[in-house]
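What follows is a short report on a single structure.
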Amino acid sequence: MTVELTLLSRAAWRGEEITGARLRGLLALLADDLETGCGAGRLIEQLWPDELPEHPAKALQTLVSRARSRLGAAVIENTPTGYRLVLDPEQVDSSAVLLRAREAERCARSGDHAAALAAAERGLALFRADGGPGDGPLSVARAATFRSLGRTRALALARLGRAAEAAEPLTALAAADPRDEEVLLELLRGQAPAAALARYEAYRRALRDELGIDPGPALRALHRELLLEDVPPVRQGLRHEPNELLGRDGDLVEVTALLRTARVVSVVGAGGLGKTRLAQAVGRQARQRLVCFVELAGVAGDVETEVASSLGVAGVNGVVEALGAGLLVLDNCEHVIGEVAALVRTLVERSAELRVLTTSRAPLGLSSESVYPLPELDLPTSVELFVQRARAARPTAVPAEAAEGICRNLDGLPLAVELAAARNRTMSPAEIARRLDARFELLRGGNRDYPERHRTLHAVIDWSWRLLEADAQRAMRALSVFPGGFDSAAARFFTGDAVVEQLVDQSLLKVADTADGTRFRMLETVREFSIARREEAGETAAVEQRFLDWARALGARQDEYLAGSVETIRVEEDNLVRALRYGLDLEDGATVAATAALLGALWLTDSQLTRLAALAAEVPGVLAHFRPPPELVEATRAAAVWCAVITLLVRGPDPVHAVAVLRRLPPPDPGTVVGAAQLALGASDEQALKDLCDSDRPILAGIANYGYSYLAEYTNDLVTALRAARRMLTHVGDSDPWLRALAHSRIGELCLQVEPGEEAYRHIDAALTIAEQLGAWSSAARARWALVLADLQRGAFDRAEESLERLARGVRLEDAGPKMVDLCTRAEIRRGRGDVDGGLALWREAAAGLAGAGGLWAAEVQAVAVLAHCRHERFDQVGDLADALPGTLASLVPGAPAAYFRVCGVLLVALAAVRIERGDPAAAARTIALAERFGFLSAFAPPALFAPSARDADRPAYAAAVAAYAGLDHEGLRAAALELLSDSDRGETAASPTGSRPRPGRGTTAPR
């Protein structure tokens, strides 16, 4: 959610300056408490402190009216005592900054210094860009927050090992508050020993002279460390690394920071993650004067004796005495975890200053322990590691795309990446990628300096597998059926909680906290290993049947899922897709109904039209033969409704199979979204649907109006379509957030076509807000693109460009679709600013980028590019695009459903422009008349702007064509379009020039 109201750095609404001291003051007072607002009495007292106006209440009302006209009437609402802003805290910078400050402090307290730094910097960014507190009306009121964020940031920088960056802000903080020992501690740690000792002594004397006390224990402990700086450090058991440690800088900082505050730190993770190498790196740069590294992989039992002998002493007391305030690193503890835990507990009890670092696939389970789950490498680092090691194996070029494709399937495990890279000696990257389906056979034969258990990927996983008890191994075989992870309830469907805890402890399951609770996930490598063990055990059929039972149980509760956030469905999406595929293959109606009901709701919310179209194509055929038991009636109804709705929206009015399924079910509840949708779908004709539009049941009336708006749009009656969409919003009110978002979105998209301007922006913005609240990120992204277009239509080019920059950072611009949308929008921004040549060049680039891509979007870009050039008399630059228009139209029209007619109409407008350019005004007039029957509304302006000139090209021909096309249905319009395309048009213009032909009135026909 973006900041709409700015009151810290300046006073602005949606980026536009707010002038007027009292107006700024009013907004500041209301923003200071978004929940309750501000009473009228206090507003009057604060806004007119020196002299009250003659009629204070009326003056305040006038000021509020000015604010509403500036921000929108719905943004300021009346309260019983005054007024309040109807804005989320994230939409107001002065409230958002308080959230960031609380987040930063919470993260700092929990030891997550990277998150604390990020939150503090996001908060400070809400103030002035130059780092100052700002000049807005609430900057003074938030001065303490500004200082708090600065302090949190400086401390986080220091604790993350970024001493050089922390030095200046820490020095300033220490000068402002000399008694802040937390700040002083980090400042001393970042200084040279001599300077730190001098500063400590000055502080100690001042404290003794003024208060008669000594510094706190943390400062005294640091002082003792500083006094030992001249003693040569001892590093026992540490090895120099054979090559660069990639991608672990952040982990190195985090673990080092944890060792400052925790007595025991355990680096925990799956085999092959690089725990040992990280521990070695931590030991080499540790601040302790003595570091002892003990490798336990080959130790069978007596851990205490192994540690003591590595130090040349006997017994626990000897270990404590030898280590003193040093660091003990115990590596590979998982197979002797009990013995290690007992030793470490004793060491911690007998020494106040000793620190212990362990690496293991399971934590020790001690109260003194802080666990650091080591994450997998991110994709860029995995690619860098693969390329580096592959070139070391055979010095040849490694294509980045091939490396990325390989690494996407290696779970970010450094060992797996290195084993794959080693195969480069005898295979090309393409061969390696192809053979990853048999990864355990492929990834073997590592370097000779690897431990035996790391010579193959299979050996790494097998090491952990053999440490499991039989019931845990059985659980791994069963739970591997979930491709998308699972929650505790799903785990209990297969096994017990205690077993899951054992798998987590052994780092065979990853744990993630979500809004709906804890979820567990296997790395794909571990999952494939477990699947292979399941097949060996002959359990696959039974496990998959149990998986389908789980999916059906989920679908039976679809009403409670649909009543909540789609996030509860989204987290199970991969699992539901797998279950749906099993169900379709088996023609299992119960599974298909259960999964399609949930997936359809999710994909409708997310506007995943392609996936919905596939659902509508496959699901009704299975449901047609399914007689649902009572617990699955509503799931079957929902699945059939989603299929029917998407068929209507995408393919045109023929959802026969889905409607047939619905007719066999008991009557629906018109008070639910699904029930209301079924009744609207079952309307016998247009009048029956209009009757439902006036129902006294709000949800039914809302859904019916939604459907009627599309029916009107298909007949090119956009005014009626917009009226129905507005009625939908009136009916649904606050009944259902998803329906409200749907109504706002529908009004917004129609306003973009019929009444461009503020209303379109307002409704799309409302839809965006609800979509974000629902977690419908795909729909939210679509709404953000629509907001860019709304700004474009309003002439707000700066705001459109800013929004475009933010969107561009959130998409992969190498993907053709988003890249071309970006180019087309930038083309219109340039044209709107007067840079015609630059804008047209971008239109040509966009059309070229989509050449041969096919589909509606490519066709629309081709047509609008031609129209934009015609409008500015640059037709000679797009002759090749113009030549291709008839072929594009001829391929699109025959199978185009009514929902696609507007793109056909845009192509017809472009064809009319070409015919004017090439001296055939009568054909142009006939073409535009047909385009008007198809509809030709585009996200971009040129089609609508060019139409009048095409009508005027030959008025008699236009009038005759209008009469001829008036009574045609959709099939008749398709036939008319194909007939309109002449033989020469279809033949890619063998006789047509690619430039323009002189014509009467050149330069005056096309509007500028």
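Labels used: A, B, ... for chains in the order of the structure tokens, numbers from 1 for residues in each chain, and numbers from 1 for ligands as shown.
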
Can you list, as a PyMOL selection string, all residues belonging to range 187-421 of chain A that DSSP tags as alpha helix (DSSP H)? chain A and resi 187-189+193-211+217-227+249-261+275-285+303-311+315-323+337-350+379-393+400-407+414-421

Enumerate, as a ChimeraX atom specification, the complete set of residues in range 510-651 of chain A that a backbone-based DSSP assignment places in strand (DSSP E or B). /A:510-514,517-521

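Residues surrounding Ile461 in chain A within 7 Å are Gly271, Leu457, Trp465 and Val526 of chain A [only C-alpha atoms; sequence separation below 4 positions excluded].
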
Among the residues A:Ala416, A:Tyr761, A:Ala959, A:Gln191, the one that comes closest to Ala459 in chain A [using only C-alpha atoms]: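 Looking only at the distances to Ala459 in chain A, the closest residue turns out to be A:Ala416.
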
With distances taken over only C-alpha atoms, which of A:Ala781, A:Ala532, A:Leu99, A:Val336 is nearest to Val299 in chain A?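 The answer is A:Val336, which sits nearest to Val299 in chain A.
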